[in-house]
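Asks: Coordinates in data.csv, CSV, C-alpha atoms, are listed below.
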chain,number,residue,atom,x,y,z
A,1,MET,CA,21.7,-15.1,-14.2
A,2,GLN,CA,24.8,-17.2,-15.0
A,3,PHE,CA,25.9,-20.3,-13.0
A,4,ASN,CA,29.4,-21.8,-13.0
A,5,SER,CA,28.1,-25.3,-13.6
A,6,LEU,CA,24.9,-27.2,-14.5
A,7,HIS,CA,24.9,-28.7,-11.0
A,8,GLU,CA,24.9,-25.3,-9.4
A,9,LEU,CA,22.0,-24.2,-11.7
A,10,GLN,CA,20.1,-27.4,-10.8
A,11,VAL,CA,20.6,-26.8,-7.1
A,12,HIS,CA,19.3,-23.3,-7.5
A,13,LEU,CA,16.2,-24.5,-9.3
A,14,GLN,CA,15.6,-27.2,-6.7
A,15,SER,CA,15.6,-24.6,-4.0
A,16,ILE,CA,12.4,-23.2,-5.6
A,17,ARG,CA,9.7,-25.3,-4.0
A,18,ASP,CA,6.6,-24.3,-6.0
A,19,PRO,CA,6.7,-26.3,-9.3
A,20,ALA,CA,4.9,-23.6,-11.2
A,21,GLU,CA,7.4,-20.9,-10.0
A,22,ARG,CA,10.3,-23.3,-10.9
A,23,ARG,CA,9.0,-23.7,-14.4
A,24,ILE,CA,8.8,-19.9,-14.8
A,25,ALA,CA,12.3,-19.5,-13.4
A,26,GLU,CA,13.6,-22.0,-15.9
A,27,VAL,CA,12.2,-19.9,-18.8
A,28,ALA,CA,13.3,-16.7,-17.2
A,29,LEU,CA,16.9,-17.9,-17.3
A,30,PHE,CA,16.9,-17.6,-21.0
A,31,LEU,CA,15.3,-14.2,-21.2
A,32,THR,CA,16.8,-12.1,-18.5
A,33,ALA,CA,19.9,-11.3,-20.5
A,34,ALA,CA,17.7,-9.5,-23.0
A,35,ALA,CA,15.3,-7.9,-20.5
A,36,LEU,CA,14.2,-4.4,-21.3
A,37,PRO,CA,14.2,-1.6,-18.8
A,38,GLN,CA,10.7,-1.2,-17.3
A,39,ARG,CA,8.8,1.9,-16.2
A,40,LYS,CA,8.9,2.8,-12.6
A,41,HIS,CA,5.8,1.3,-10.9
A,42,ILE,CA,4.3,2.6,-7.7
A,43,VAL,CA,1.5,0.9,-5.7
A,44,VAL,CA,-0.5,3.1,-3.4
A,45,LEU,CA,-2.1,1.2,-0.5
A,46,LEU,CA,-5.4,2.8,0.7
A,47,HIS,CA,-7.0,1.5,3.9
A,48,GLY,CA,-10.6,1.2,5.2
A,49,MET,CA,-12.4,2.8,8.1
A,50,ASN,CA,-11.7,2.5,11.8
A,51,THR,CA,-8.3,0.9,11.4
A,52,ASN,CA,-4.6,1.5,11.7
A,53,ALA,CA,-4.2,-0.5,8.5
A,54,GLU,CA,-1.5,-3.0,9.6
A,55,TRP,CA,-2.2,-4.8,6.3
A,56,GLN,CA,-0.8,-1.8,4.4
A,57,GLU,CA,2.6,-2.3,6.1
A,58,ALA,CA,2.5,-6.1,5.6
A,59,LEU,CA,1.7,-5.7,1.9
A,60,ALA,CA,4.3,-2.9,1.5
A,61,ASP,CA,6.9,-5.1,3.0
A,62,THR,CA,5.9,-8.1,0.8
A,63,ILE,CA,6.1,-5.8,-2.3
A,64,ARG,CA,9.4,-4.2,-1.3
A,65,ASN,CA,11.0,-7.6,-0.6
A,66,SER,CA,9.9,-9.5,-3.7
A,67,THR,CA,9.4,-7.0,-6.5
A,68,ASN,CA,10.8,-3.8,-8.1
A,69,ILE,CA,7.5,-2.0,-7.3
A,70,GLU,CA,7.7,0.9,-4.8
A,71,PRO,CA,4.8,0.7,-2.3
A,72,ILE,CA,3.4,4.0,-0.8
A,73,VAL,CA,1.1,3.9,2.2
A,74,VAL,CA,-1.7,6.5,2.0
A,75,GLY,CA,-4.4,7.1,4.6
A,76,TYR,CA,-6.9,9.5,6.1
A,77,GLY,CA,-6.6,8.8,9.8
A,78,ASN,CA,-8.8,6.6,11.9
A,79,PHE,CA,-12.3,7.1,10.3
A,80,HIS,CA,-14.8,6.4,13.0
A,81,PRO,CA,-17.9,4.3,12.1
A,82,VAL,CA,-20.3,7.1,13.2
A,83,LYS,CA,-18.6,9.5,10.7
A,84,PHE,CA,-18.7,6.6,8.2
A,85,PHE,CA,-22.5,6.6,8.3
A,86,LEU,CA,-23.0,10.3,8.2
A,87,PRO,CA,-23.2,11.3,4.5
A,88,VAL,CA,-22.3,15.0,4.3
A,89,PHE,CA,-19.9,16.3,7.0
A,90,PHE,CA,-16.9,14.0,7.1
A,91,ARG,CA,-16.5,12.2,3.8
A,92,PRO,CA,-15.4,15.1,1.5
A,93,GLY,CA,-12.4,16.0,3.7
A,94,ARG,CA,-11.1,12.4,3.5
A,95,ILE,CA,-11.6,12.3,-0.2
A,96,LYS,CA,-9.8,15.6,-0.7
A,97,LYS,CA,-6.9,14.5,1.5
A,98,VAL,CA,-6.3,11.3,-0.5
A,99,MET,CA,-6.8,13.1,-3.8
A,100,GLU,CA,-4.1,15.6,-2.9
A,101,ASP,CA,-1.8,12.8,-1.9
A,102,LEU,CA,-2.3,11.0,-5.2
A,103,ARG,CA,-1.7,14.2,-7.1
A,104,GLY,CA,1.5,14.8,-5.1
A,105,ILE,CA,2.7,11.3,-6.0
A,106,ARG,CA,2.0,11.9,-9.7
A,107,LYS,CA,3.8,15.2,-9.5
A,108,ARG,CA,6.9,13.7,-7.9
A,109,HIS,CA,6.8,10.7,-10.3
A,110,PRO,CA,5.5,12.0,-13.6
A,111,ASP,CA,6.6,9.0,-15.7
A,112,ALA,CA,5.7,6.2,-13.3
A,113,ASP,CA,2.8,3.8,-13.5
A,114,ILE,CA,0.7,4.3,-10.4
A,115,SER,CA,-1.6,1.5,-9.2
A,116,VAL,CA,-3.9,1.5,-6.2
A,117,VAL,CA,-5.0,-1.3,-3.8
A,118,ALA,CA,-8.0,-0.1,-1.8
A,119,HIS,CA,-10.0,-1.8,1.0
A,120,SER,CA,-13.5,-1.0,2.2
A,121,PHE,CA,-14.0,2.8,2.7
A,122,GLY,CA,-10.8,3.3,0.7
A,123,THR,CA,-12.6,1.9,-2.3
A,124,TYR,CA,-15.4,4.5,-1.9
A,125,VAL,CA,-12.8,7.3,-1.6
A,126,LEU,CA,-11.0,6.0,-4.7
A,127,SER,CA,-14.2,5.8,-6.7
A,128,LYS,CA,-15.1,9.5,-5.8
A,129,ILE,CA,-11.5,10.6,-6.8
A,130,LEU,CA,-11.7,8.8,-10.1
A,131,THR,CA,-15.0,10.5,-10.9
A,132,THR,CA,-13.9,14.0,-10.0
A,133,ALA,CA,-10.1,14.2,-10.6
A,134,MET,CA,-10.2,13.9,-14.4
A,135,ASP,CA,-6.5,14.8,-14.6
A,136,LEU,CA,-5.4,11.7,-12.6
A,137,LYS,CA,-4.3,8.7,-14.6
A,138,LEU,CA,-3.8,5.4,-12.8
A,139,HIS,CA,-2.5,2.0,-13.9
A,140,ARG,CA,-4.0,-1.0,-12.1
A,141,ILE,CA,-6.7,-0.9,-9.6
A,142,LEU,CA,-7.5,-3.6,-7.1
A,143,LEU,CA,-10.5,-3.4,-4.8
A,144,CYS,CA,-11.5,-5.6,-1.8
A,145,GLY,CA,-14.4,-5.4,0.6
A,146,ALA,CA,-15.7,-2.7,-1.8
A,147,ILE,CA,-18.5,-0.4,-0.8
A,148,VAL,CA,-18.8,1.3,-4.2
A,149,ASP,CA,-22.2,1.4,-5.9
A,150,SER,CA,-22.4,-1.7,-8.1
A,151,ASP,CA,-23.8,0.5,-10.9
A,152,TYR,CA,-20.6,2.7,-10.8
A,153,ASP,CA,-19.9,4.0,-14.3
A,154,TRP,CA,-16.5,2.5,-15.1
A,155,SER,CA,-16.8,3.4,-18.7
A,156,THR,CA,-16.2,7.1,-17.9
A,157,VAL,CA,-13.1,6.1,-15.9
A,158,GLU,CA,-11.8,3.5,-18.4
A,159,PRO,CA,-9.6,5.9,-20.5
A,160,ARG,CA,-7.7,6.8,-17.4
A,161,ILE,CA,-7.0,3.3,-16.1
A,162,SER,CA,-5.8,-0.1,-17.3
A,163,SER,CA,-8.7,-2.5,-17.4
A,164,PRO,CA,-9.9,-4.8,-16.1
A,165,VAL,CA,-10.2,-3.5,-12.5
A,166,ILE,CA,-10.0,-6.4,-10.0
A,167,ASN,CA,-12.8,-6.6,-7.4
A,168,ASP,CA,-12.2,-9.2,-4.7
A,169,ILE,CA,-15.4,-10.2,-3.0
A,170,GLY,CA,-15.8,-12.0,0.4
A,171,ARG,CA,-18.6,-14.6,0.7
A,172,TRP,CA,-19.1,-13.8,4.4
A,173,ASP,CA,-18.6,-10.0,4.1
A,174,TYR,CA,-21.8,-8.3,5.2
A,175,TYR,CA,-20.3,-4.8,5.7
A,176,PRO,CA,-20.9,-3.6,2.1
A,177,SER,CA,-24.6,-4.6,2.3
A,178,LEU,CA,-24.9,-2.9,5.7
A,179,ALA,CA,-23.2,0.2,4.4
A,180,LYS,CA,-25.6,0.3,1.5
A,181,SER,CA,-28.7,-0.4,3.6
A,182,TRP,CA,-28.0,1.9,6.5
A,183,SER,CA,-26.3,4.9,5.0
A,184,TRP,CA,-26.2,7.0,1.8
A,185,GLY,CA,-24.0,6.8,-1.2
A,186,TYR,CA,-22.4,3.4,-0.6
A,187,GLY,CA,-22.9,0.3,-2.6
A,188,ASP,CA,-22.6,-3.5,-2.1
A,189,SER,CA,-20.1,-4.2,-4.9
A,190,GLY,CA,-18.1,-6.0,-2.2
A,191,CYS,CA,-21.0,-8.6,-1.9
A,192,ILE,CA,-22.5,-8.8,-5.4
A,193,GLY,CA,-19.7,-7.4,-7.6
A,194,PHE,CA,-20.0,-4.9,-10.4
A,195,GLN,CA,-21.0,-7.5,-13.1
A,196,ASN,CA,-19.3,-5.2,-15.6
A,197,SER,CA,-17.0,-6.1,-18.5
A,198,LEU,CA,-14.4,-3.6,-17.3
A,199,VAL,CA,-14.2,-5.3,-13.9
A,200,ARG,CA,-13.2,-8.8,-13.0
A,201,ASP,CA,-15.1,-9.9,-9.9
A,202,ARG,CA,-13.4,-12.6,-7.9
A,203,HIS,CA,-15.1,-14.4,-5.1
A,204,PHE,CA,-13.5,-15.9,-2.0
A,205,GLU,CA,-14.7,-17.7,1.1
A,206,TYR,CA,-13.7,-14.6,3.2
A,207,GLY,CA,-15.1,-12.1,5.6
A,208,HIS,CA,-14.6,-8.3,5.2
A,209,SER,CA,-10.9,-8.2,6.1
A,210,ASP,CA,-9.7,-11.7,5.4
A,211,PHE,CA,-8.1,-10.6,2.1
A,212,LEU,CA,-5.6,-8.7,4.1
A,213,ASN,CA,-3.1,-11.5,4.7
A,214,VAL,CA,0.3,-12.0,3.0
A,215,LYS,CA,-0.6,-15.4,1.5
A,216,HIS,CA,-3.6,-13.9,-0.4
A,217,MET,CA,-1.5,-11.0,-1.4
A,218,ARG,CA,1.3,-13.2,-2.8
A,219,GLU,CA,-1.1,-15.6,-4.5
A,220,TYR,CA,-3.6,-13.2,-6.0
A,221,TRP,CA,-2.5,-9.6,-5.8
A,222,LEU,CA,1.2,-9.6,-6.7
A,223,PRO,CA,0.7,-11.4,-10.1
A,224,TYR,CA,-1.8,-8.7,-11.0
A,225,LEU,CA,0.2,-5.8,-9.8
A,226,LEU,CA,3.4,-7.1,-11.4
A,227,ASP,CA,2.2,-8.4,-14.7
A,228,GLY,CA,-1.5,-7.7,-15.0
A,229,ARG,CA,-2.0,-11.4,-14.6
A,230,VAL,CA,-5.4,-12.3,-13.2
A,231,VAL,CA,-5.2,-15.5,-11.2
A,232,ALA,CA,-8.7,-17.0,-11.1
A,233,SER,CA,-10.3,-17.9,-7.7
A,234,PRO,CA,-11.7,-21.4,-7.8
A,235,TYR,CA,-14.4,-20.4,-5.3
A,236,THR,CA,-15.9,-18.0,-7.9
A,237,VAL,CA,-17.4,-20.9,-9.8
A,238,ILE,CA,-18.4,-23.2,-6.9
A,239,ARG,CA,-19.8,-20.6,-4.4
A,240,GLU,CA,-23.2,-21.2,-2.8
A,241,ALA,CA,-26.3,-19.2,-3.4
A,242,MET,CA,-27.0,-16.3,-1.0
A,243,GLY,CA,-28.5,-17.4,2.3
A,244,LEU,CA,-31.6,-16.1,4.1
A,245,LYS,CA,-29.5,-14.0,6.6
A,246,GLU,CA,-27.7,-12.2,3.7
A,247,ARG,CA,-31.0,-11.6,1.9
A,248,ALA,CA,-32.5,-10.2,5.1
A,249,ILE,CA,-29.5,-7.9,5.6
A,250,ARG,CA,-29.7,-6.7,2.1
A,251,ALA,CA,-33.4,-6.2,2.0
A,252,PHE,CA,-33.8,-4.3,5.3
A,253,SER,CA,-32.7,-0.7,5.4
A,254,TRP,CA,-33.3,2.7,7.1
A,255,PHE,CA,-36.0,3.3,4.6
A,256,TYR,CA,-38.2,0.6,6.3
A,257,LEU,CA,-37.6,2.2,9.7
A,258,LEU,CA,-39.0,5.4,8.3
A,259,LEU,CA,-42.0,3.6,7.1
A,260,ILE,CA,-43.0,2.6,10.6
A,261,PRO,CA,-43.6,6.1,12.0
A,262,THR,CA,-45.0,7.2,8.6
A,263,GLY,CA,-47.5,4.3,8.6
A,264,TRP,CA,-48.4,5.0,12.2
A,265,ALA,CA,-49.0,8.7,11.4
A,266,LEU,CA,-51.1,7.8,8.4
A,267,VAL,CA,-53.3,5.5,10.4
A,268,HIS,CA,-53.5,7.9,13.4
A,269,TRP,CA,-54.2,11.1,11.6
A,270,VAL,CA,-55.8,10.2,8.3
A,271,ILE,CA,-57.3,6.7,8.2
A,272,ALA,CA,-58.7,6.5,11.7
A,273,PRO,CA,-60.4,10.0,11.6
A,274,ALA,CA,-61.7,9.1,8.1
A,275,CYS,CA,-63.2,5.9,9.5
A,276,ARG,CA,-64.7,7.7,12.5
A,277,PHE,CA,-66.2,10.3,10.2
A,278,ILE,CA,-67.8,7.6,7.9
A,279,LEU,CA,-69.1,5.6,10.9
A,280,SER,CA,-70.7,8.7,12.6
A,281,ALA,CA,-72.3,9.8,9.3
B,1,MET,CA,-7.6,-25.4,-34.9
B,2,TYR,CA,-9.1,-23.0,-32.4
B,3,SER,CA,-8.8,-24.0,-28.7
B,4,PRO,CA,-10.9,-22.7,-25.9
B,5,LYS,CA,-7.7,-22.8,-23.9
B,6,PHE,CA,-6.8,-19.6,-25.6
B,7,ASP,CA,-9.9,-18.0,-24.0
B,8,THR,CA,-8.6,-19.0,-20.6
B,9,LEU,CA,-5.2,-17.5,-21.5
B,10,ILE,CA,-6.8,-14.2,-22.5
B,11,ASP,CA,-8.8,-14.3,-19.2
B,12,GLU,CA,-5.6,-14.8,-17.4
B,13,PHE,CA,-3.7,-12.0,-19.2
B,14,PRO,CA,-6.4,-9.5,-20.2
B,15,GLU,CA,-3.9,-6.6,-20.6
B,16,GLU,CA,-2.0,-8.8,-23.0
B,17,SER,CA,-4.9,-10.0,-25.2
B,18,ALA,CA,-3.2,-8.7,-28.4
B,19,ALA,CA,0.0,-10.8,-27.6
B,20,VAL,CA,-2.2,-13.9,-26.8
B,21,SER,CA,-4.1,-13.4,-30.1
B,22,ARG,CA,-0.7,-13.3,-32.0
B,23,LEU,CA,0.2,-16.5,-30.2
B,24,LEU,CA,-3.0,-18.0,-31.4
B,25,GLU,CA,-2.2,-16.9,-35.0
B,26,LEU,CA,1.3,-18.5,-34.7
B,27,VAL,CA,-0.1,-21.8,-33.4
B,28,ARG,CA,-2.8,-21.8,-36.2
B,29,ASP,CA,-0.1,-21.2,-38.8
B,30,GLY,CA,2.2,-23.8,-37.3
B,31,GLU,CA,-0.6,-26.4,-37.2
B,32,SER,CA,-1.6,-25.8,-40.8
B,33,ARG,CA,1.9,-26.5,-42.2
B,34,PRO,CA,3.7,-29.8,-42.2
B,35,GLY,CA,6.8,-30.3,-40.1
B,36,ARG,CA,7.8,-29.4,-36.6
B,37,LYS,CA,7.7,-25.7,-35.7
B,38,GLU,CA,10.3,-24.6,-33.1
B,39,TYR,CA,10.7,-21.0,-31.8
B,40,LEU,CA,13.4,-19.4,-29.6
B,41,PRO,CA,12.0,-17.2,-26.8
B,42,ASN,CA,13.5,-14.0,-28.4
B,43,ARG,CA,11.8,-14.8,-31.7
B,44,LEU,CA,8.5,-15.2,-29.7
B,45,TYR,CA,9.1,-11.9,-28.1
B,46,ASP,CA,9.4,-10.2,-31.5
B,47,VAL,CA,6.3,-12.0,-32.9
B,48,LEU,CA,4.0,-11.7,-29.8
B,49,GLN,CA,5.1,-8.1,-28.8
B,50,PRO,CA,4.1,-8.4,-25.2
B,51,SER,CA,4.5,-5.4,-22.8
B,52,ASN,CA,7.8,-6.8,-21.5
B,53,TYR,CA,9.9,-10.0,-21.1
B,54,ARG,CA,8.5,-10.8,-17.6
B,55,VAL,CA,5.0,-11.1,-18.9
B,56,LEU,CA,6.2,-13.1,-21.9
B,57,VAL,CA,7.6,-15.7,-19.5
B,58,GLN,CA,4.3,-15.8,-17.7
B,59,ILE,CA,2.3,-16.2,-21.0
B,60,LEU,CA,4.6,-18.9,-22.4
B,61,SER,CA,4.7,-20.8,-19.1
B,62,SER,CA,0.9,-20.7,-18.9
B,63,ALA,CA,0.5,-21.7,-22.5
B,64,ALA,CA,2.9,-24.7,-22.0
B,65,GLU,CA,1.0,-25.7,-18.9
B,66,LYS,CA,-2.3,-25.7,-20.9
B,67,GLY,CA,-0.7,-27.8,-23.5
B,68,LEU,CA,-0.8,-25.2,-26.3
B,69,LEU,CA,3.0,-25.3,-26.7
B,70,LYS,CA,5.6,-27.7,-25.6
B,71,ARG,CA,8.8,-26.4,-24.2
B,72,SER,CA,12.1,-28.2,-24.4
B,73,PHE,CA,15.6,-27.6,-23.1
B,74,ARG,CA,18.1,-28.6,-25.8
B,75,VAL,CA,21.7,-29.4,-25.1
B,76,LEU,CA,23.9,-28.2,-28.0
B,77,SER,CA,27.1,-29.8,-29.2
B,78,SER,CA,30.2,-27.7,-29.3
B,79,THR,CA,30.2,-28.4,-33.0
B,80,GLY,CA,26.7,-27.1,-33.4
B,81,GLY,CA,23.3,-28.8,-33.4
B,82,GLY,CA,21.4,-30.5,-30.7
B,83,ILE,CA,22.4,-33.7,-28.9
B,84,GLY,CA,19.4,-34.1,-26.5
B,85,ASP,CA,16.0,-32.5,-25.7
B,86,PHE,CA,14.7,-32.4,-22.1
B,87,ASP,CA,11.5,-31.3,-20.4
B,88,SER,CA,13.2,-29.6,-17.6
B,89,ILE,CA,16.7,-28.4,-16.7
B,90,LEU,CA,16.6,-30.7,-13.7
B,91,ASP,CA,16.3,-33.7,-16.1
B,92,ILE,CA,19.6,-32.8,-18.0
B,93,PRO,CA,22.5,-35.1,-16.9
B,94,LEU,CA,25.7,-33.4,-15.8
B,95,GLU,CA,27.5,-35.4,-18.6
B,96,ILE,CA,26.1,-36.4,-21.9
B,97,TYR,CA,27.4,-38.4,-24.8
B,98,ASP,CA,28.0,-36.1,-27.8
B,99,SER,CA,27.4,-38.3,-30.9
B,100,ARG,CA,28.8,-35.6,-33.1
B,101,ILE,CA,32.3,-35.8,-31.6
B,102,GLY,CA,32.1,-39.3,-30.3
B,103,ARG,CA,32.7,-38.8,-26.6
B,104,SER,CA,30.9,-37.7,-23.3
B,105,VAL,CA,31.1,-34.0,-22.5
B,106,GLU,CA,30.2,-32.0,-19.4
B,107,VAL,CA,27.1,-29.8,-19.9
B,108,SER,CA,27.2,-26.1,-19.0
B,109,GLN,CA,24.5,-23.5,-19.0
B,110,GLN,CA,25.9,-21.9,-22.1
B,111,GLU,CA,25.2,-25.1,-24.1
B,112,ILE,CA,21.5,-25.2,-23.2
B,113,GLU,CA,18.9,-23.6,-25.4
B,114,LEU,CA,15.2,-23.1,-24.6
B,115,ILE,CA,12.8,-23.8,-27.5
B,116,PHE,CA,9.1,-23.7,-27.8
B,117,VAL,CA,7.5,-26.3,-30.1
B,118,ILE,CA,4.0,-26.1,-31.5
B,119,LYS,CA,2.2,-29.3,-30.9
B,120,GLN,CA,0.7,-31.1,-33.9
Let me see the structure of the file written as structure tokens.
Replies:
Amino acid sequence: MQFNSLHELQVHLQSIRDPAERRIAEVALFLTAAALPQRKHIVVLLHGMNTNAEWQEALADTIRNSTNIEPIVVGYGNFHPVKFFLPVFFRPGRIKKVMEDLRGIRKRHPDADISVVAHSFGTYVLSKILTTAMDLKLHRILLCGAIVDSDYDWSTVEPRISSPVINDIGRWDYYPSLAKSWSWGYGDSGCIGFQNSLVRDRHFEYGHSDFLNVKHMREYWLPYLLDGRVVASPYTVIREAMGLKERAIRAFSWFYLLLIPTGWALVHWVIAPACRFILSA
Amino acid sequence: MYSPKFDTLIDEFPEESAAVSRLLELVRDGESRPGRKEYLPNRLYDVLQPSNYRVLVQILSSAAEKGLLKRSFRVLSSTGGGIGDFDSILDIPLEIYDSRIGRSVEVSQQEIELIFVIKQ
């Protein structure tokens, strides 16, 4: 960018309020003339369950207005919580739908980098796609409110993605723990992280959907999507230990509910008759 | 001398760890030799080999913020050579005395050069 005078240039720089951004802009002035053409970059935005995913449109708008990245909103309809908890009948159809969408995007843009931002049930869908669609290569992956198993094997996926994957975790997000405890196949990586060298877990003082605001997107997501720059969350190193409520939610699950009738049946039909037999003998 | 600040730089740019490692080599090399080491951004692009210029800007800005490098904006005389170094473009006066030609001159963008200096 060329300015007619130094004064004009200084006025332009003063209009950038953030000092860090201004320092970057000053350096960029001396590099843009030699800038190389970059590959086309597409970011696919994948929503969670039971939502119309307004955040997707907000992020798409932010990306469109401030970067050269092309945002594409992908979804699977309004996934009802009842369907969410049922393991077999409804999930495969949603996974297939998104997988076909991703393959279609790759087919239309064979030379583009394709990154994905996924929230909640979208993270589960993406993890299943990465495991099964071995032909699908993605660029950057950003998860938030993740319900993927924290033991997910990222090493098998690593050759087809740019590492590290970013996993944004909310301190007050109980949904991943509930999903893990009360259904099948989900995990609580949105609460405890993946603790894996291929993933960067970032902690925030957020609930399940608090990530989905433009300020967070601008501050933490855009640097990663644009340049692979991981902006550290200060909360990651000062967060409090898990509280009693969280421990209780994580510890209690459908398995314990099954134990109640099983225990009752054991007492009623096995232990009590055995005691009666011993006493009458 | 190795600085843990390079670890934080790699943490910040994990995809560019090779470029950051090359920057570390450059700083080590610069620190081990006498004299002031100055680099133009295009030279740093060649040496560091980052993915693109955008990310080079980010890496250099972050390295300067962490004190690993010092950046300076140098005003050049029309006869060649520098006549003043400034920390920011905002600090550069609109007119500056050019000791090489013996009079004040108006500064324009074309007469400003960005340099990165390895601190010693």
Asks: Return the single residue from B:Val20, B:Leu44, B:Val117, B:Leu60 that is closest to A:Ala28, with distances computed using only C-alpha atoms.
Replies: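 Smallest distance to A:Ala28 is found for B:Leu60.
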Asks: Pick the closest to A:Tyr224 from B:Val55, B:Ile115, B:Val27, B:Val47: which is it, counting only C-alpha atoms?
Replies: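 Of all the options, B:Val55 lies closest to A:Tyr224.
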Asks: Which one of A:Glu26, A:Lys96, A:Ser15, A:Ala265 sits closest to B:Asp87 if you count only C-alpha atoms?
Replies: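 Counting only C-alpha atoms, the residue closest to B:Asp87 is A:Glu26.
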Asks: One decimal, in Å: what's the spacing between atom CA of A:His216 and atom CA of B:Glu16?
Replies: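 It comes out at 23.2 Å.
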Asks: Within 9 Å of B:Leu26, counting all atoms listed in the file, which residues qualify if same-chain residues fewer than 3 places away don't, as a ChimeraX atom specification?
Replies: /B:21-23,29-31,47-48,118
Asks: With only C-alpha atoms counted and 10 Å as the cut-off, give the residues of chain A in contact with chain B, each with its shortest interatomic distance in Å and the pair that gives it, as a tab-separated table.
Replies:
residue	atom	partner	partner_atom	distance
A:Gln2	CA	B:Gln109	CA	7.5
A:Phe3	CA	B:Gln109	CA	6.9
A:Asn4	CA	B:Ser108	CA	7.7
A:Ser5	CA	B:Ser108	CA	5.5
A:Leu6	CA	B:Ser108	CA	5.2
A:His7	CA	B:Leu94	CA	6.8
A:Glu8	CA	B:Gln109	CA	9.8
A:Leu9	CA	B:Gln109	CA	7.7
A:Gln10	CA	B:Leu90	CA	5.6
A:Val11	CA	B:Leu90	CA	8.6
A:Leu13	CA	B:Leu90	CA	7.6
A:Gln14	CA	B:Leu90	CA	7.9
A:Ala20	CA	B:Ser61	CA	8.4
A:Glu21	CA	B:Ser61	CA	9.5
A:Arg22	CA	B:Ser88	CA	9.6
A:Arg23	CA	B:Ser61	CA	7.0
A:Ile24	CA	B:Ser61	CA	6.0
A:Ala25	CA	B:Val57	CA	8.6
A:Glu26	CA	B:Ile89	CA	7.2
A:Val27	CA	B:Val57	CA	6.3
A:Ala28	CA	B:Val57	CA	6.2
A:Leu29	CA	B:Leu114	CA	9.1
A:Phe30	CA	B:Leu114	CA	6.8
A:Leu31	CA	B:Tyr53	CA	6.8
A:Thr32	CA	B:Tyr53	CA	7.7
A:Ala34	CA	B:Tyr53	CA	8.0
A:Ala35	CA	B:Tyr53	CA	5.8
A:Leu36	CA	B:Asn52	CA	6.8
A:Pro37	CA	B:Asn52	CA	8.7
A:Gln38	CA	B:Asn52	CA	7.6
A:Ser162	CA	B:Glu15	CA	7.5
A:Ser163	CA	B:Glu15	CA	7.1
A:Pro164	CA	B:Pro14	CA	7.2
A:Arg200	CA	B:Asp11	CA	9.4
A:Pro223	CA	B:Gln58	CA	9.5
A:Tyr224	CA	B:Phe13	CA	9.0
A:Leu226	CA	B:Val55	CA	8.6
A:Asp227	CA	B:Val55	CA	5.7
A:Gly228	CA	B:Glu15	CA	6.2
A:Arg229	CA	B:Phe13	CA	4.9
A:Val230	CA	B:Glu12	CA	4.9
A:Val231	CA	B:Glu12	CA	6.3
A:Ala232	CA	B:Glu12	CA	7.4
Asks: Using only C-alpha atoms, which residues sit within 7 Å of A:Tyr186 once same-chain residues fewer than 4 positions away are excluded, as a list in words?
Replies: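 Surrounding residues, per the criterion: Ile147, Val148, Asp149, Ala179 and Lys180 of chain A.
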Asks: Please identify all polymer residues within 9 Å of A:Ile63, counting all atoms listed in the file, omitting same-chain residues fewer than 5 positions from it, and present them as a list of chain:residue names.
Replies: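 My reading of the contact set: A:Val43, A:Ala58, A:Asn68, A:Ile69, A:Glu70, A:Pro71, A:Arg218, A:Leu222.
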Asks: Can you work out which one of B:Glu38, B:Val75, B:Gly84, B:Tyr97 has the shortest atom-to-atom distance to B:Phe116, counting all atoms listed in the file?
Replies: B:Glu38
Asks: Quick one: everything within 12 Å of stretch 238-242 of chain A, counting all atoms listed in the file, minus sequence neighbours fewer than 4 positions away in the same chain. Send it as a PyMOL selection string.
Replies: chain A and resi 169-174+191-192+202-206+233-234+246-250
Asks: Might you pull out every residue within 12 Å of B:Ser99, with all atoms listed in the file counted and same-chain residues fewer than 2 positions away left off, and present them as a PDB file with C-alpha atoms, in the coordinates of the input?
Replies:
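Produced file around.pdb, reproduced below:
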ATOM      1  CA  LEU B  76      23.900 -28.200 -28.000  1.00  0.00           C
ATOM      2  CA  SER B  77      27.100 -29.800 -29.200  1.00  0.00           C
ATOM      3  CA  SER B  78      30.200 -27.700 -29.300  1.00  0.00           C
ATOM      4  CA  THR B  79      30.200 -28.400 -33.000  1.00  0.00           C
ATOM      5  CA  GLY B  80      26.700 -27.100 -33.400  1.00  0.00           C
ATOM      6  CA  GLY B  81      23.300 -28.800 -33.400  1.00  0.00           C
ATOM      7  CA  GLY B  82      21.400 -30.500 -30.700  1.00  0.00           C
ATOM      8  CA  ILE B  83      22.400 -33.700 -28.900  1.00  0.00           C
ATOM      9  CA  GLY B  84      19.400 -34.100 -26.500  1.00  0.00           C
ATOM     10  CA  ILE B  96      26.100 -36.400 -21.900  1.00  0.00           C
ATOM     11  CA  TYR B  97      27.400 -38.400 -24.800  1.00  0.00           C
ATOM     12  CA  ILE B 101      32.300 -35.800 -31.600  1.00  0.00           C
ATOM     13  CA  GLY B 102      32.100 -39.300 -30.300  1.00  0.00           C
ATOM     14  CA  ARG B 103      32.700 -38.800 -26.600  1.00  0.00           C
ATOM     15  CA  SER B 104      30.900 -37.700 -23.300  1.00  0.00           C
ATOM     16  CA  VAL B 105      31.100 -34.000 -22.500  1.00  0.00           C
TER      17      VAL B 105
END
Asks: I'd like the interatomic distance between atom CA of A:Leu59 and atom CA of A:Val237, to a tenth of an Å.
Replies: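 Interatomic distance here is 27.1 Å.
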Asks: Could you tell me how far atom CA of A:Leu198 sits from atom CA of A:Val214, in Å to one decimal place?
Replies: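 Result for atom CA of A:Val214 versus atom CA of A:Leu198: 26.4 Å, one decimal.
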